[in-house]
file my_file19.txt (compact mmCIF, C-alpha atoms)
# COMPACT_ATOMS: atom_id res chain seq x y z
CA MET A 370 0.00 0.00 0.00
CA ASN A 371 1.55 3.32 -0.99
CA GLY A 372 -1.49 5.57 -1.23
CA PHE A 373 -2.25 4.75 -4.87
CA PRO A 374 -5.15 2.61 -5.97
CA VAL A 375 -4.07 -0.64 -7.66
CA SER A 376 -5.07 0.55 -11.12
CA MET A 377 -2.97 3.73 -10.80
CA LYS A 378 0.02 1.71 -9.60
CA ALA A 379 -0.39 -0.57 -12.61
CA LEU A 380 -0.45 2.39 -15.01
CA VAL A 381 2.59 4.02 -13.38
CA GLU A 382 4.42 0.70 -13.79
CA GLU A 383 3.43 0.48 -17.46
CA PHE A 384 4.66 4.01 -18.16
CA SER A 385 7.89 3.37 -16.21
CA LYS A 386 8.77 0.62 -18.68
CA MET A 387 9.14 3.17 -21.46
CA PRO A 388 12.65 4.43 -22.28
CA GLY A 389 13.65 7.66 -20.52
CA ILE A 390 10.55 7.65 -18.31
CA GLY A 391 11.48 7.50 -14.61
CA PRO A 392 9.05 6.85 -11.75
CA LYS A 393 8.21 10.54 -11.19
CA THR A 394 7.50 11.18 -14.87
CA ALA A 395 5.46 7.96 -15.02
CA GLN A 396 3.41 9.20 -12.08
CA ARG A 397 2.88 12.57 -13.76
CA LEU A 398 1.71 10.86 -16.96
CA ALA A 399 -0.62 8.58 -15.01
CA PHE A 400 -2.17 11.64 -13.34
CA TYR A 401 -2.57 13.20 -16.77
CA ILE A 402 -4.52 10.13 -17.91
CA LEU A 403 -6.58 10.18 -14.73
CA LYS A 404 -7.49 13.83 -15.25
CA SER A 405 -8.11 13.58 -18.99
CA SER A 406 -11.55 12.76 -20.36
CA LYS A 407 -12.62 9.16 -20.85
CA ASN A 408 -12.65 9.81 -24.60
CA ASP A 409 -9.05 11.05 -24.60
CA ALA A 410 -7.87 8.07 -22.57
CA GLU A 411 -9.68 5.65 -24.86
CA SER A 412 -8.26 7.40 -27.88
CA MET A 413 -4.72 6.91 -26.57
CA ALA A 414 -5.39 3.26 -25.72
CA ARG A 415 -6.80 2.69 -29.21
CA ALA A 416 -3.79 4.38 -30.82
CA ILE A 417 -1.45 2.01 -28.95
CA ILE A 418 -3.38 -1.08 -30.04
CA LYS A 419 -3.75 0.22 -33.59
CA VAL A 420 0.00 0.69 -34.05
CA LYS A 421 0.65 -2.91 -33.05
CA GLU A 422 -2.15 -4.18 -35.27
CA SER A 423 -1.51 -2.23 -38.43
CA VAL A 424 2.13 -1.19 -38.68
CA ARG A 425 4.36 -3.52 -40.67
CA SER A 426 7.48 -3.25 -42.84
CA CYS A 427 7.05 -2.05 -46.42
CA SER A 428 7.81 -5.07 -48.61
CA VAL A 429 9.93 -2.91 -50.93
CA CYS A 430 11.95 -0.55 -48.70
CA ASN A 431 11.35 -1.91 -45.14
CA ASN A 432 10.08 1.47 -43.97
CA LEU A 433 7.14 1.38 -41.57
CA SER A 434 3.80 1.18 -43.31
CA ASP A 435 0.13 0.56 -42.66
CA ASN A 436 0.01 -1.37 -45.95
CA ASP A 437 2.10 -3.92 -47.83
CA ILE A 438 3.82 -1.10 -49.75
CA CYS A 439 4.49 2.23 -48.02
CA ASP A 440 3.21 5.63 -49.16
CA ILE A 441 6.65 6.75 -50.35
CA CYS A 442 7.27 3.67 -52.53
CA LYS A 443 3.72 3.98 -53.93
CA SER A 444 3.89 7.72 -54.59
CA ALA A 445 3.88 8.92 -58.21
CA SER A 446 5.53 12.21 -57.23
CA ARG A 447 8.81 10.78 -55.90
CA ASP A 448 11.98 10.78 -58.01
CA LYS A 449 12.54 7.10 -58.74
CA SER A 450 16.11 7.68 -59.94
CA LEU A 451 17.32 8.52 -56.42
CA LEU A 452 17.71 6.05 -53.59
CA CYS A 453 18.61 6.95 -50.03
CA ILE A 454 19.86 4.16 -47.75
CA VAL A 455 19.21 4.61 -44.04
CA GLU A 456 19.57 2.46 -40.96
CA GLU A 457 16.17 2.78 -39.32
CA PRO A 458 12.60 3.89 -40.09
CA ASP A 459 12.96 6.94 -37.85
CA ASP A 460 15.79 8.15 -40.11
CA VAL A 461 13.22 8.28 -42.94
CA VAL A 462 11.02 10.48 -40.77
CA THR A 463 13.95 12.76 -39.93
CA ILE A 464 14.92 13.19 -43.59
CA GLU A 465 11.31 13.65 -44.74
CA LYS A 466 10.88 16.44 -42.20
CA ALA A 467 13.93 18.26 -43.62
CA GLY A 468 12.13 18.20 -46.99
CA SER A 469 15.33 18.21 -49.08
CA PHE A 470 15.05 14.73 -50.57
CA ASN A 471 12.34 13.51 -52.92
CA GLY A 472 13.63 10.09 -53.97
CA LEU A 473 13.03 6.61 -52.61
CA TYR A 474 14.43 4.94 -49.51
CA HIS A 475 15.89 1.64 -48.48
CA VAL A 476 15.88 0.90 -44.75
CA LEU A 477 18.59 -1.53 -43.63
CA LEU A 478 17.01 -2.11 -40.21
CA GLY A 479 20.36 -1.71 -38.48
CA SER A 480 24.06 -1.18 -39.10
CA LEU A 481 27.06 -3.50 -39.26
CA SER A 482 28.28 -4.26 -35.76
CA PRO A 483 30.49 -7.36 -35.63
CA LEU A 484 30.84 -7.10 -31.84
CA ASP A 485 27.06 -7.45 -31.50
CA GLY A 486 27.02 -10.24 -34.09
CA ILE A 487 25.38 -8.07 -36.73
CA GLY A 488 26.92 -8.82 -40.12
CA PRO A 489 25.63 -8.06 -43.64
CA GLY A 490 23.26 -11.05 -43.43
CA GLU A 491 21.38 -9.46 -40.52
CA LEU A 492 20.67 -6.27 -42.50
CA LYS A 493 18.38 -5.83 -45.50
CA ILE A 494 21.35 -5.74 -47.90
CA LYS A 495 20.36 -8.78 -49.99
CA GLU A 496 16.98 -7.10 -50.53
CA LEU A 497 18.79 -3.87 -51.49
CA VAL A 498 20.86 -5.67 -54.13
CA GLY A 499 17.68 -7.37 -55.32
CA ARG A 500 16.04 -3.98 -55.87
CA LEU A 501 18.97 -2.81 -57.98
CA ASP A 502 18.26 -5.61 -60.47
CA THR A 503 14.81 -4.21 -61.30
CA GLU A 504 14.93 -0.53 -60.27
CA LYS A 505 17.44 1.72 -62.05
CA PHE A 506 18.88 4.50 -59.90
CA LYS A 507 21.11 7.35 -61.10
CA GLU A 508 22.35 8.00 -57.61
CA ILE A 509 22.39 6.07 -54.38
CA ILE A 510 22.91 8.20 -51.26
CA ILE A 511 24.24 6.35 -48.24
CA ALA A 512 22.75 8.04 -45.18
CA THR A 513 23.75 5.66 -42.43
CA ASP A 514 24.68 7.24 -39.09
CA PHE A 515 28.04 9.04 -38.77
CA ASN A 516 29.30 6.80 -35.99
CA THR A 517 31.63 3.80 -36.21
CA GLU A 518 28.96 1.27 -37.19
CA GLY A 519 27.31 3.64 -39.65
CA GLU A 520 30.62 4.49 -41.33
CA ALA A 521 31.58 0.82 -41.54
CA THR A 522 28.20 0.08 -43.10
CA ALA A 523 28.65 2.96 -45.56
CA LEU A 524 32.09 1.67 -46.56
CA TYR A 525 30.78 -1.85 -47.01
CA LEU A 526 27.81 -0.66 -49.07
CA SER A 527 29.87 1.66 -51.27
CA ARG A 528 32.01 -1.34 -52.26
CA ILE A 529 29.21 -3.75 -53.10
CA LEU A 530 27.10 -1.08 -54.84
CA LYS A 531 29.74 0.47 -57.09
CA ASN A 532 29.17 -1.89 -60.03
CA PHE A 533 25.48 -1.15 -60.47
CA GLY A 534 25.98 1.95 -62.67
CA ALA A 535 24.69 4.45 -60.08
CA ALA A 536 26.73 7.22 -58.51
CA ILE A 537 27.28 6.27 -54.89
CA THR A 538 27.29 9.28 -52.56
CA ARG A 539 27.49 9.83 -48.84
CA MET A 540 25.72 12.65 -46.99
CA ALA A 541 28.09 15.54 -46.23
CA TYR A 542 29.73 15.85 -42.86
CA GLY A 543 27.32 18.50 -41.76
CA ILE A 544 26.10 16.16 -39.08
CA PRO A 545 28.20 16.11 -35.90
CA VAL A 546 30.71 13.25 -35.86
CA GLY A 547 29.52 10.40 -33.68
CA GLY A 548 25.94 11.62 -33.75
CA GLY A 549 22.85 9.70 -34.76
CA LEU A 550 20.68 11.10 -37.57
CA GLU A 551 17.69 11.27 -35.28
CA HIS A 552 19.29 14.05 -33.19
CA ALA A 553 20.17 16.31 -36.14
CA ASP A 554 18.14 19.45 -36.70
CA GLN A 555 16.37 19.96 -40.00
CA ALA A 556 18.71 22.66 -41.34
CA THR A 557 21.72 20.41 -40.72
CA ILE A 558 19.99 17.52 -42.48
CA ALA A 559 19.28 19.79 -45.44
CA LYS A 560 22.93 21.03 -45.56
CA ALA A 561 24.16 17.48 -45.37
CA PHE A 562 22.02 16.55 -48.37
CA GLU A 563 23.28 19.50 -50.41
CA GLY A 564 26.94 18.76 -49.67
CA ARG A 565 26.81 15.02 -50.35
CA ARG A 566 29.99 13.63 -51.91
CA GLU A 567 30.98 10.55 -53.85
CA ALA A 568 31.61 7.57 -51.58
CA LYS A 569 35.28 6.49 -51.53
CA MET B 372 3.17 12.48 -45.70
CA ASN B 373 6.21 12.56 -43.46
CA GLY B 374 7.45 8.99 -43.69
CA PHE B 375 5.32 7.67 -40.86
CA PRO B 376 2.31 5.43 -41.36
CA VAL B 377 -0.97 7.05 -40.27
CA SER B 378 -1.27 4.91 -37.15
CA MET B 379 2.22 5.87 -35.97
CA LYS B 380 1.49 9.53 -36.57
CA ALA B 381 -1.69 9.17 -34.52
CA LEU B 382 0.19 7.58 -31.63
CA VAL B 383 2.94 10.23 -31.70
CA GLU B 384 0.21 12.88 -31.54
CA GLU B 385 -1.46 11.15 -28.59
CA PHE B 386 1.83 10.95 -26.66
CA SER B 387 2.64 14.59 -27.52
CA LYS B 388 -0.50 15.68 -25.65
CA MET B 389 1.00 14.50 -22.36
CA PRO B 390 2.69 17.09 -20.12
CA GLY B 391 6.45 17.39 -20.61
CA ILE B 392 6.46 15.10 -23.66
CA GLY B 393 7.76 16.91 -26.75
CA PRO B 394 7.57 15.61 -30.32
CA LYS B 395 10.94 13.78 -30.19
CA THR B 396 10.12 12.02 -26.92
CA ALA B 397 6.66 11.16 -28.27
CA GLN B 398 8.32 9.62 -31.33
CA ARG B 399 10.70 7.63 -29.12
CA LEU B 400 7.79 6.33 -27.02
CA ALA B 401 5.81 5.42 -30.15
CA PHE B 402 8.80 3.42 -31.41
CA TYR B 403 8.98 1.71 -28.05
CA ILE B 404 5.33 0.65 -28.42
CA LEU B 405 5.99 -0.48 -31.98
CA LYS B 406 8.94 -2.62 -30.90
CA SER B 407 7.29 -4.03 -27.77
CA SER B 408 5.29 -7.25 -27.88
CA LYS B 409 1.58 -7.18 -28.70
CA ASN B 410 0.92 -8.33 -25.12
CA ASP B 411 2.89 -5.45 -23.62
CA ALA B 412 1.14 -2.89 -25.81
CA GLU B 413 -2.27 -4.33 -24.93
CA SER B 414 -1.35 -4.35 -21.28
CA MET B 415 -0.53 -0.63 -21.42
CA ALA B 416 -3.74 0.15 -23.30
CA ARG B 417 -5.75 -1.82 -20.74
CA ALA B 418 -4.04 -0.01 -17.85
CA ILE B 419 -5.03 3.35 -19.36
CA ILE B 420 -8.68 2.33 -19.75
CA LYS B 421 -8.75 0.69 -16.33
CA VAL B 422 -7.59 3.85 -14.55
CA LYS B 423 -10.42 5.84 -16.13
CA GLU B 424 -12.96 3.14 -15.34
CA SER B 425 -12.06 2.31 -11.78
CA VAL B 426 -10.36 5.24 -10.07
CA ARG B 427 -12.64 7.52 -8.06
CA SER B 428 -12.37 9.72 -4.97
CA CYS B 429 -12.55 8.05 -1.55
CA SER B 430 -15.85 9.17 -0.04
CA VAL B 431 -14.14 9.84 3.30
CA CYS B 432 -10.79 11.47 2.53
CA ASN B 433 -10.99 12.26 -1.23
CA ASN B 434 -7.82 10.30 -1.92
CA LEU B 435 -7.79 8.25 -5.12
CA SER B 436 -9.34 4.84 -4.71
CA ASP B 437 -10.55 1.85 -6.69
CA ASN B 438 -13.42 1.54 -4.19
CA ASP B 439 -15.88 3.79 -2.39
CA ILE B 440 -13.53 3.97 0.62
CA CYS B 441 -9.76 3.93 0.08
CA ASP B 442 -7.33 1.39 1.52
CA ILE B 443 -5.89 3.87 4.02
CA CYS B 444 -9.29 4.87 5.46
CA LYS B 445 -10.28 1.19 5.62
CA SER B 446 -7.04 -0.03 7.16
CA ALA B 447 -7.13 -1.33 10.75
CA SER B 448 -3.41 -0.64 11.24
CA ARG B 449 -3.51 3.15 10.78
CA ASP B 450 -3.47 5.50 13.76
CA LYS B 451 -6.95 7.02 13.73
CA SER B 452 -5.96 9.80 16.16
CA LEU B 453 -3.76 11.53 13.55
CA LEU B 454 -5.01 13.38 10.49
CA CYS B 455 -2.79 14.80 7.77
CA ILE B 456 -4.32 17.39 5.45
CA VAL B 457 -2.82 17.60 1.95
CA GLU B 458 -3.70 19.40 -1.25
CA GLU B 459 -3.66 16.60 -3.80
CA PRO B 460 -3.75 12.79 -4.03
CA ASP B 461 -0.12 12.69 -5.21
CA ASP B 462 0.89 14.32 -1.91
CA VAL B 463 -0.51 11.23 -0.17
CA VAL B 464 1.69 9.06 -2.37
CA THR B 465 4.76 11.20 -1.57
CA ILE B 466 4.16 11.03 2.17
CA GLU B 467 3.36 7.31 2.12
CA LYS B 468 6.66 6.65 0.34
CA ALA B 469 8.56 8.47 3.11
CA GLY B 470 6.98 6.01 5.56
CA SER B 471 7.05 8.40 8.53
CA PHE B 472 3.32 8.90 8.96
CA ASN B 473 0.79 6.24 9.89
CA GLY B 474 -2.39 8.25 10.45
CA LEU B 475 -5.27 9.17 8.17
CA TYR B 476 -5.45 11.76 5.41
CA HIS B 477 -7.79 14.42 4.18
CA VAL B 478 -7.23 15.58 0.60
CA LEU B 479 -8.47 19.13 -0.10
CA LEU B 480 -8.24 18.71 -3.88
CA GLY B 481 -6.52 22.07 -4.26
CA SER B 482 -5.38 25.12 -2.31
CA LEU B 483 -6.85 28.55 -1.70
CA SER B 484 -6.12 30.80 -4.67
CA PRO B 485 -8.40 33.84 -4.80
CA LEU B 486 -6.85 35.04 -8.08
CA ASP B 487 -7.96 31.79 -9.73
CA GLY B 488 -11.35 31.99 -8.07
CA ILE B 489 -10.60 29.14 -5.68
CA GLY B 490 -12.02 29.94 -2.27
CA PRO B 491 -12.79 27.64 0.69
CA GLY B 492 -16.02 26.50 -1.03
CA GLU B 493 -14.04 25.00 -3.92
CA LEU B 494 -11.95 22.83 -1.58
CA LYS B 495 -13.08 19.85 0.51
CA ILE B 496 -13.09 21.92 3.71
CA LYS B 497 -16.77 21.48 4.54
CA GLU B 498 -16.20 17.71 4.31
CA LEU B 499 -13.14 18.07 6.57
CA VAL B 500 -15.16 19.89 9.23
CA GLY B 501 -17.86 17.23 8.85
CA ARG B 502 -15.30 14.51 9.62
CA LEU B 503 -14.27 16.28 12.80
CA ASP B 504 -17.79 15.90 14.15
CA THR B 505 -17.59 12.10 14.09
CA GLU B 506 -13.86 11.30 14.08
CA LYS B 507 -11.82 12.40 17.07
CA PHE B 508 -8.21 13.36 16.27
CA LYS B 509 -5.48 14.15 18.81
CA GLU B 510 -3.44 15.96 16.19
CA ILE B 511 -4.15 17.44 12.78
CA ILE B 512 -1.06 18.01 10.66
CA ILE B 513 -1.45 20.58 7.90
CA ALA B 514 0.75 19.44 5.02
CA THR B 515 -0.30 21.80 2.26
CA ASP B 516 2.47 22.97 -0.10
CA PHE B 517 5.00 25.51 1.15
CA ASN B 518 4.17 28.10 -1.49
CA THR B 519 1.89 31.14 -1.22
CA GLU B 520 -1.36 29.28 -1.84
CA GLY B 521 -0.39 26.39 0.43
CA GLU B 522 0.62 28.72 3.28
CA ALA B 523 -2.59 30.73 2.92
CA THR B 524 -4.56 27.49 3.02
CA ALA B 525 -2.64 26.36 6.12
CA LEU B 526 -3.34 29.67 7.86
CA TYR B 527 -7.03 29.49 6.97
CA LEU B 528 -7.29 25.89 8.15
CA SER B 529 -5.42 26.47 11.41
CA ARG B 530 -7.98 29.14 12.30
CA ILE B 531 -11.12 27.16 11.55
CA LEU B 532 -9.74 23.94 13.07
CA LYS B 533 -8.45 25.28 16.38
CA ASN B 534 -11.71 24.79 18.30
CA PHE B 535 -12.03 21.06 17.64
CA GLY B 536 -9.81 19.95 20.53
CA ALA B 537 -6.97 18.61 18.36
CA ALA B 538 -3.43 19.97 18.28
CA ILE B 539 -2.99 21.69 14.94
CA THR B 540 0.53 21.33 13.55
CA ARG B 541 2.31 22.25 10.34
CA MET B 542 5.07 20.19 8.76
CA ALA B 543 8.52 21.61 9.55
CA TYR B 544 10.30 23.84 7.12
CA GLY B 545 12.54 21.05 5.94
CA ILE B 546 11.01 21.36 2.53
CA PRO B 547 12.46 24.12 0.34
CA VAL B 548 10.41 27.32 0.45
CA GLY B 549 8.24 27.71 -2.63
CA GLY B 550 8.52 24.03 -3.53
CA GLY B 551 5.73 21.55 -4.05
CA LEU B 552 5.61 18.44 -1.89
CA GLU B 553 5.83 16.20 -4.93
CA HIS B 554 9.42 17.30 -5.64
CA ALA B 555 10.75 16.66 -2.12
CA ASP B 556 12.97 13.64 -1.54
CA GLN B 557 11.94 11.04 1.01
CA ALA B 558 14.51 11.98 3.65
CA THR B 559 13.37 15.61 3.58
CA ILE B 560 9.76 14.53 3.91
CA ALA B 561 10.68 12.41 6.90
CA LYS B 562 12.62 15.30 8.53
CA ALA B 563 9.71 17.63 7.94
CA PHE B 564 7.39 15.22 9.72
CA GLU B 565 9.72 14.91 12.71
CA GLY B 566 10.08 18.68 13.13
CA ARG B 567 6.44 19.60 12.78
CA ARG B 568 5.40 22.57 14.91
CA GLU B 569 2.17 23.98 16.29
CA ALA B 570 0.33 26.08 13.72
CA LYS B 571 0.21 29.80 14.65
call {"tool": "encode", "arguments": {"input": "my_file19.txt", "output": "structure tokens"}}
result
Amino acid sequence: MNGFPVSMKALVEEFSKMPGIGPKTAQRLAFYILKSSKNDAESMARAIIKVKESVRSCSVCNNLSDNDICDICKSASRDKSLLCIVEEPDDVVTIEKAGSFNGLYHVLLGSLSPLDGIGPGELKIKELVGRLDTEKFKEIIIATDFNTEGEATALYLSRILKNFGAAITRMAYGIPVGGGLEHADQATIAKAFEGRREAK
Amino acid sequence: MNGFPVSMKALVEEFSKMPGIGPKTAQRLAFYILKSSKNDAESMARAIIKVKESVRSCSVCNNLSDNDICDICKSASRDKSLLCIVEEPDDVVTIEKAGSFNGLYHVLLGSLSPLDGIGPGELKIKELVGRLDTEKFKEIIIATDFNTEGEATALYLSRILKNFGAAITRMAYGIPVGGGLEHADQATIAKAFEGRREAK
């Protein structure tokens, strides 16, 4: 017994499981739910369930999607001669927000990390090479993170992709060294796209 | 279109509504839900609904409760000669965690704030006085916040409570001036209980 009803304790515990949410924040969020309208609480609960039910990987680019093929792959207005390779779905969101890229994406779902047992076979690289057989790109931009794993992945990709007839580029070092894409501001992302250079 | 499926966007929006949760944190939490198991997501959704369905105010002390009367009011092991008056249900939680008080509570559900139109009639003061007719306390500890509204409430209460035969005390100034109870650490809370003084 700590002064909370059982159901509040349960909700505080659920919120505490989330990354970066400590017990005090969890308590604050639980009070927010308690004070919000029944409709608002139900709407949040539904949104949580809905994400688990409907979000899957796009069968072409592995980005998150409510359908078999994501909105970007399906779109008629995207430049199909440009491909941007990223590590994770949230990198797509970050780049889309910057608004400086209008091509297609390929999400690797990770980066090479031999120490964690993540080799090329664990990433969506076979699927990437498969796409290059049917889709013809003028330029492939490698936008993996600018940390050790991301750079290693970029190096590996630039080698296996160089014989497919596309220019292979890497986003410019506008992004702080060692930083993840998801922390970059939109202007930096845009600069990094402008200053992209041929991969060595 | 910003690279997110509709259902993810909806969830990020829901999380962004919560206090202290900005768009990047909301996105991080939404990814956590996406990556968690279906069971875990459902369990969180259920906890949210459950809180709205089952939590109400204790009909005696106004603390949060899953039942008509809360666990503390019902408990046989609490000292029924001590009453602690607090502003909000989360103050009960804070004090219970410190473990230095074993009496009963009365939650005012706010503090006097004339500028916001909150006078004695808006707080559970009539209910407090009603309790004093049937419950006999040796000591009533006023544990409202140590800010302007809390002090004004304490002063008001000490005046209307002084003729009920109980010693009226105020928690000691161990808690930083101007601070809310919910930010105090447990040791400070305990010290403040020890050093409580008679209300002037």
call {"tool": "closest_residue", "arguments": {"input": "my_file19.txt", "among": "B:Ala412, B:Lys495, B:Lys507, B:Cys432", "to": "His477 of chain B", "atoms": "all atoms listed in the file"}}
result
B:Cys432
call {"tool": "interface_residues", "arguments": {"input": "my_file19.txt", "of": "chain B", "to": "chain A", "cutoff": "8 Å", "atoms": "all atoms listed in the file", "output": "MDAnalysis selection string"}}
result
chainID B and resid 372:379 381:382 385:386 389:390 399:400 403:405 409 412:423 425:426 434:437 441:443 463:464 467:468
call {"tool": "atom_distance", "arguments": {"input": "my_file19.txt", "atom1": "atom CA of Glu520 of chain A", "atom2": "atom CA of Thr503 of chain A"}}
result
26.9 Å
call {"tool": "residues_around", "arguments": {"input": "my_file19.txt", "residues": "Ile487 of chain A", "least_positions_apart": "6", "cutoff": "12 Å", "atoms": "only C-alpha atoms", "output": "ChimeraX atom specification"}}
result
/A:477-481,493,518,521-522
call {"tool": "write_last_selection", "arguments": {"input": "my_file19.txt", "atoms": "C-alpha atoms", "output": "PDB file, in the coordinates of the input"}}
result
ATOM      1  CA  LEU A 477      18.590  -1.530 -43.630  1.00  0.00           C
ATOM      2  CA  LEU A 478      17.010  -2.110 -40.210  1.00  0.00           C
ATOM      3  CA  GLY A 479      20.360  -1.710 -38.480  1.00  0.00           C
ATOM      4  CA  SER A 480      24.060  -1.180 -39.100  1.00  0.00           C
ATOM      5  CA  LEU A 481      27.060  -3.500 -39.260  1.00  0.00           C
ATOM      6  CA  LYS A 493      18.380  -5.830 -45.500  1.00  0.00           C
ATOM      7  CA  GLU A 518      28.960   1.270 -37.190  1.00  0.00           C
ATOM      8  CA  ALA A 521      31.580   0.820 -41.540  1.00  0.00           C
ATOM      9  CA  THR A 522      28.200   0.080 -43.100  1.00  0.00           C
TER      10      THR A 522
END
call {"tool": "atom_distance", "arguments": {"input": "my_file19.txt", "atom1": "atom CA of Glu458 of chain B", "atom2": "atom CA of Ala514 of chain B"}}
result
7.7 Å
call {"tool": "closest_residue", "arguments": {"input": "my_file19.txt", "among": "A:Leu473, A:Ile511, A:Ala559, A:Ala541", "to": "Leu524 of chain A", "atoms": "all atoms listed in the file"}}
result
A:Ile511
call {"tool": "atom_distance", "arguments": {"input": "my_file19.txt", "atom1": "atom CA of Ala538 of chain B", "atom2": "atom CA of Ile512 of chain B"}}
result
8.2 Å
call {"tool": "closest_residue", "arguments": {"input": "my_file19.txt", "among": "B:Ala537, B:Asp516, B:Gly521, B:Arg502", "to": "Ile560 of chain B", "atoms": "all atoms listed in the file"}}
result
B:Asp516
call {"tool": "axis_aligned_box", "arguments": {"input": "my_file19.txt", "around": "segment 423-432 of chain A", "padding_each_side": "5 Å", "output": "AutoDock Vina command-line options"}}
result
--center_x 5.2 --center_y -1.8 --center_z -44.7 --size_x 23.5 --size_y 16.5 --size_z 22.5
call {"tool": "residues_around", "arguments": {"input": "my_file19.txt", "residues": "Met540 of chain A", "least_positions_apart": "4", "cutoff": "6 Å", "atoms": "all atoms listed in the file", "output": "PyMOL selection string"}}
result
chain A and resi 512+561-562+565
call {"tool": "write_last_selection", "arguments": {"input": "my_file19.txt", "atoms": "C-alpha atoms", "output": "CSV table (one decimal), keeping the file's coordinate frame"}}
result
chain,number,residue,atom,x,y,z
A,512,ALA,CA,22.8,8.0,-45.2
A,561,ALA,CA,24.2,17.5,-45.4
A,562,PHE,CA,22.0,16.6,-48.4
A,565,ARG,CA,26.8,15.0,-50.4
call {"tool": "decode", "arguments": {"input": "my_file19.txt", "residues": "segment 482-495 of chain B", "atoms": "N, CA and C atoms", "output": "mmCIF file, in the first residue's frame"}}
result
data_model
loop_
_atom_site.group_PDB
_atom_site.id
_atom_site.type_symbol
_atom_site.label_atom_id
_atom_site.label_comp_id
_atom_site.auth_asym_id
_atom_site.auth_seq_id
_atom_site.Cartn_x
_atom_site.Cartn_y
_atom_site.Cartn_z
ATOM 1 N N SER B 482 -5.774 24.183 -3.368
ATOM 2 C CA SER B 482 -5.382 25.116 -2.312
ATOM 3 C C SER B 482 -6.071 26.446 -2.593
ATOM 4 N N LEU B 483 -6.182 27.252 -1.555
ATOM 5 C CA LEU B 483 -6.846 28.549 -1.703
ATOM 6 C C LEU B 483 -6.080 29.410 -2.694
ATOM 7 N N SER B 484 -6.776 29.954 -3.682
ATOM 8 C CA SER B 484 -6.120 30.797 -4.672
ATOM 9 C C SER B 484 -7.153 31.794 -5.199
ATOM 10 N N PRO B 485 -7.341 32.891 -4.446
ATOM 11 C CA PRO B 485 -8.404 33.842 -4.796
ATOM 12 C C PRO B 485 -8.288 34.350 -6.241
ATOM 13 N N LEU B 486 -7.036 34.522 -6.708
ATOM 14 C CA LEU B 486 -6.853 35.040 -8.075
ATOM 15 C C LEU B 486 -7.414 34.081 -9.119
ATOM 16 N N ASP B 487 -7.386 32.784 -8.812
ATOM 17 C CA ASP B 487 -7.962 31.795 -9.728
ATOM 18 C C ASP B 487 -9.406 31.467 -9.367
ATOM 19 N N GLY B 488 -9.952 32.232 -8.453
ATOM 20 C CA GLY B 488 -11.347 31.995 -8.073
ATOM 21 C C GLY B 488 -11.543 30.763 -7.207
ATOM 22 N N ILE B 489 -10.463 30.308 -6.547
ATOM 23 C CA ILE B 489 -10.595 29.137 -5.684
ATOM 24 C C ILE B 489 -10.644 29.582 -4.231
ATOM 25 N N GLY B 490 -11.818 29.592 -3.671
ATOM 26 C CA GLY B 490 -12.023 29.939 -2.266
ATOM 27 C C GLY B 490 -12.271 28.674 -1.474
ATOM 28 N N PRO B 491 -12.559 28.820 -0.161
ATOM 29 C CA PRO B 491 -12.793 27.645 0.690
ATOM 30 C C PRO B 491 -13.890 26.723 0.139
ATOM 31 N N GLY B 492 -14.914 27.317 -0.508
ATOM 32 C CA GLY B 492 -16.020 26.503 -1.028
ATOM 33 C C GLY B 492 -15.614 25.555 -2.134
ATOM 34 N N GLU B 493 -14.507 25.868 -2.826
ATOM 35 C CA GLU B 493 -14.044 25.002 -3.920
ATOM 36 C C GLU B 493 -13.208 23.828 -3.406
ATOM 37 N N LEU B 494 -12.767 23.904 -2.150
ATOM 38 C CA LEU B 494 -11.952 22.825 -1.577
ATOM 39 C C LEU B 494 -12.827 21.945 -0.686
ATOM 40 N N LYS B 495 -12.295 20.784 -0.310
ATOM 41 C CA LYS B 495 -13.077 19.848 0.505
ATOM 42 C C LYS B 495 -12.944 20.205 1.986
#
